[in-house]
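**Student:** Dropping a structure here in structure tokens format, bear with me for questions.
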Amino acid sequence: MRIAVVDDDPIELVLLRELSTSFDASLEFDGHTTVQAFIEARPERYDLVFLDRRIPPHDEYRDTLPLLASAGYRGRVVLMTAHDSGVMNGDYRFELVGPVNKLELLEPSRLKSLIHCA
């Protein structure tokens with residue numbers, strides 16, 4: 001499974017990659033510090049995206065989710081946040097999960113359930 005972490009703080013990629021090795025060493029992680037970098041990396045290559053709420057210059061999911069949709073992403077998106085501000089619903093061709101508090105992701109069992117949820 002190929003996973004993208006879209007977060008302006010690169011430590012999130014390091015944490016998620018490291019924690020996931022305790023339950024699945026075959027996962028492949030790539031980090032992108034901007035939404036544009038993720039889009040340029042060909043979103044269709046990814047099965048799952050961990051998306052931060054605030055990625056400069058964007059402040060909310062309502063700014064970034066339409067960008068993922070217009071780029072043709074069709075996998076699953078786990079919405080990460082330190083502060084749940086809610087999510088604007090939209091007609092996306094991908095599955096939204098969350099928002100999930102970033103502290104929850106530090107628990108390997110919770111991380112595993114988000115990665116391998118059906």
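FYI, nothing fancy with the structure tokens labels: chains A, B, ... in order, residues from 1 per chain, ligands from 1 as they appear.
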Which of chain A end up as helix (DSSP H, G or I) when DSSP is run on this backbone - answer as a ChimeraX atom specification?
**Tutor:** /A:11-20,35-40,43-45,61-70,102-106,108-115
**Student:** Write the residues of the preceding selection, restricted to C-alpha atoms, as an mmCIF file, in the first residue's frame.
**Tutor:**
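Just written: selection-v4.cif:
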data_model
loop_
_atom_site.group_PDB
_atom_site.id
_atom_site.type_symbol
_atom_site.label_atom_id
_atom_site.label_comp_id
_atom_site.auth_asym_id
_atom_site.auth_seq_id
_atom_site.Cartn_x
_atom_site.Cartn_y
_atom_site.Cartn_z
ATOM 1 C CA ILE A 11 7.843 15.119 11.475
ATOM 2 C CA GLU A 12 4.336 13.748 10.808
ATOM 3 C CA LEU A 13 5.736 11.600 7.999
ATOM 4 C CA VAL A 14 8.526 10.316 10.229
ATOM 5 C CA LEU A 15 6.114 9.465 13.067
ATOM 6 C CA LEU A 16 3.538 7.719 10.887
ATOM 7 C CA ARG A 17 6.163 5.742 8.998
ATOM 8 C CA GLU A 18 7.933 4.660 12.190
ATOM 9 C CA LEU A 19 4.772 3.749 14.103
ATOM 10 C CA SER A 20 3.376 1.737 11.202
ATOM 11 C CA VAL A 35 -0.834 20.186 -1.616
ATOM 12 C CA GLN A 36 0.738 21.279 -4.891
ATOM 13 C CA ALA A 37 3.702 18.948 -4.308
ATOM 14 C CA PHE A 38 1.268 16.063 -3.713
ATOM 15 C CA ILE A 39 -0.596 16.881 -6.929
ATOM 16 C CA GLU A 40 2.655 17.064 -8.903
ATOM 17 C CA PRO A 43 -2.056 11.422 -6.769
ATOM 18 C CA GLU A 44 -3.316 8.308 -8.560
ATOM 19 C CA ARG A 45 -0.208 6.479 -7.301
ATOM 20 C CA TYR A 61 -10.085 21.280 4.327
ATOM 21 C CA ARG A 62 -12.629 23.264 2.304
ATOM 22 C CA ASP A 63 -9.625 24.728 0.461
ATOM 23 C CA THR A 64 -7.609 21.537 -0.029
ATOM 24 C CA LEU A 65 -10.195 18.797 -0.625
ATOM 25 C CA PRO A 66 -11.440 20.346 -3.894
ATOM 26 C CA LEU A 67 -7.810 20.487 -5.084
ATOM 27 C CA LEU A 68 -7.396 16.754 -4.467
ATOM 28 C CA ALA A 69 -10.677 16.089 -6.246
ATOM 29 C CA SER A 70 -9.775 18.198 -9.279
ATOM 30 C CA LYS A 102 -3.110 13.856 15.547
ATOM 31 C CA LEU A 103 -2.543 12.526 19.065
ATOM 32 C CA GLU A 104 -4.738 9.512 18.207
ATOM 33 C CA LEU A 105 -2.317 8.648 15.414
ATOM 34 C CA LEU A 106 0.410 8.023 17.984
ATOM 35 C CA PRO A 108 -0.345 2.059 16.795
ATOM 36 C CA SER A 109 -3.692 0.251 17.091
ATOM 37 C CA ARG A 110 -5.593 3.398 16.031
ATOM 38 C CA LEU A 111 -3.148 4.059 13.203
ATOM 39 C CA LYS A 112 -3.497 0.463 12.024
ATOM 40 C CA SER A 113 -7.291 0.720 12.009
ATOM 41 C CA LEU A 114 -7.149 3.897 9.908
ATOM 42 C CA ILE A 115 -4.731 2.409 7.400
#
**Student:** Which neighbours of Glu28 in chain A fall inside 9 Å, counting only C-alpha atoms, when residues of the same chain fewer than 6 positions from it are skipped, and could you give them as a ChimeraX atom specification?
**Tutor:** /A:1-4,17
**Student:** Suppose we keep C-alpha atoms; can you now write the selection as an mmCIF file, in the first residue's frame?
**Tutor:**
data_model
loop_
_atom_site.group_PDB
_atom_site.id
_atom_site.type_symbol
_atom_site.label_atom_id
_atom_site.label_comp_id
_atom_site.auth_asym_id
_atom_site.auth_seq_id
_atom_site.Cartn_x
_atom_site.Cartn_y
_atom_site.Cartn_z
ATOM 1 C CA MET A 1 0.000 0.000 0.000
ATOM 2 C CA ARG A 2 1.315 3.426 -0.940
ATOM 3 C CA ILE A 3 0.544 6.262 1.494
ATOM 4 C CA ALA A 4 1.054 10.016 1.155
ATOM 5 C CA ARG A 17 6.163 5.742 8.998
#
**Student:** Please, which residues of chain A, numbered as in this document, come out strand (DSSP E or B) from DSSP, as number ranges by chain?
**Tutor:** A: 2-6, 28-32, 48-52, 55, 58, 76-81, 95-101
**Student:** Include C-alpha atoms and write out the residues we just selected as a short mmCIF file (atom, residue, chain, number, x, y, z; two decimals), in the first residue's frame.
**Tutor:**
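See out_30.cif below for the written result:
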data_model
loop_
_atom_site.label_atom_id
_atom_site.label_comp_id
_atom_site.auth_asym_id
_atom_site.auth_seq_id
_atom_site.Cartn_x
_atom_site.Cartn_y
_atom_site.Cartn_z
CA ARG A 2 1.31 3.43 -0.94
CA ILE A 3 0.54 6.26 1.49
CA ALA A 4 1.05 10.02 1.15
CA VAL A 5 1.39 12.30 4.16
CA VAL A 6 0.47 15.86 3.16
CA GLU A 28 5.35 2.75 1.54
CA PHE A 29 5.18 6.37 2.74
CA ASP A 30 5.93 9.57 0.85
CA GLY A 31 5.81 13.04 2.37
CA HIS A 32 4.61 16.24 0.72
CA LEU A 48 -4.32 6.57 1.11
CA VAL A 49 -3.58 10.17 2.04
CA PHE A 50 -3.12 11.60 5.52
CA LEU A 51 -4.08 15.26 5.01
CA ASP A 52 -3.37 17.99 7.54
CA ILE A 55 -1.18 23.50 4.90
CA HIS A 58 -4.54 26.88 2.83
CA ARG A 76 -9.07 7.33 0.88
CA VAL A 77 -8.28 10.56 2.75
CA VAL A 78 -7.68 10.60 6.51
CA LEU A 79 -8.20 14.13 7.75
CA MET A 80 -5.65 15.00 10.45
CA THR A 81 -5.99 17.91 12.82
CA GLU A 95 -13.60 8.38 0.87
CA LEU A 96 -13.18 10.80 3.76
CA VAL A 97 -12.21 9.49 7.20
CA GLY A 98 -12.14 11.77 10.21
CA PRO A 99 -11.17 14.32 11.18
CA VAL A 100 -8.80 12.47 13.48
CA ASN A 101 -6.84 14.18 16.23
#
**Student:** Could you tell me how far CA of Arg74 in chain A lies from CA of Glu60 in chain A, in Å and to one decimal?
**Tutor:** 19.8 Å
**Student:** Report as number ranges by chain all protein, DNA and RNA residues lying within 10 Å of Arg42 in chain A, evaluated on only C-alpha atoms, omitting residues in the same chain fewer than 6 positions from it.
**Tutor:** A: 71-73
**Student:** Write the residues of the selection above to a file with all heavy atoms, as a PDB file, in the first residue's frame.
**Tutor:**
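Saved as selection36.pdb:
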ATOM      1  N   ALA A  71      -7.611  17.089  -9.005  1.00  0.00           N
ATOM      2  CA  ALA A  71      -6.409  16.402  -9.483  1.00  0.00           C
ATOM      3  C   ALA A  71      -6.691  14.931  -9.819  1.00  0.00           C
ATOM      4  O   ALA A  71      -5.816  14.228 -10.298  1.00  0.00           O
ATOM      5  CB  ALA A  71      -5.298  16.488  -8.436  1.00  0.00           C
ATOM      6  N   GLY A  72      -7.917  14.476  -9.527  1.00  0.00           N
ATOM      7  CA  GLY A  72      -8.307  13.119  -9.875  1.00  0.00           C
ATOM      8  C   GLY A  72      -8.032  12.072  -8.815  1.00  0.00           C
ATOM      9  O   GLY A  72      -8.143  10.881  -9.082  1.00  0.00           O
ATOM     10  N   TYR A  73      -7.710  12.493  -7.584  1.00  0.00           N
ATOM     11  CA  TYR A  73      -7.450  11.508  -6.532  1.00  0.00           C
ATOM     12  C   TYR A  73      -8.730  10.742  -6.219  1.00  0.00           C
ATOM     13  O   TYR A  73      -9.799  11.333  -6.103  1.00  0.00           O
ATOM     14  CB  TYR A  73      -6.900  12.170  -5.274  1.00  0.00           C
ATOM     15  CG  TYR A  73      -6.596  11.153  -4.207  1.00  0.00           C
ATOM     16  CD1 TYR A  73      -5.551  10.256  -4.378  1.00  0.00           C
ATOM     17  CD2 TYR A  73      -7.388  11.045  -3.079  1.00  0.00           C
ATOM     18  CE1 TYR A  73      -5.293   9.273  -3.433  1.00  0.00           C
ATOM     19  CE2 TYR A  73      -7.122  10.070  -2.126  1.00  0.00           C
ATOM     20  CZ  TYR A  73      -6.083   9.195  -2.310  1.00  0.00           C
ATOM     21  OH  TYR A  73      -5.836   8.222  -1.380  1.00  0.00           O
TER      22      TYR A  73
END
**Student:** Separation of CA of Ser26 in chain A and CA of Cys117 in chain A, in Å?
**Tutor:** 16.3 Å
**Student:** Just how far from CA of Pro10 in chain A is CA of Ala82 in chain A, in Å to one decimal?
**Tutor:**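 The value is 15.3 Å.
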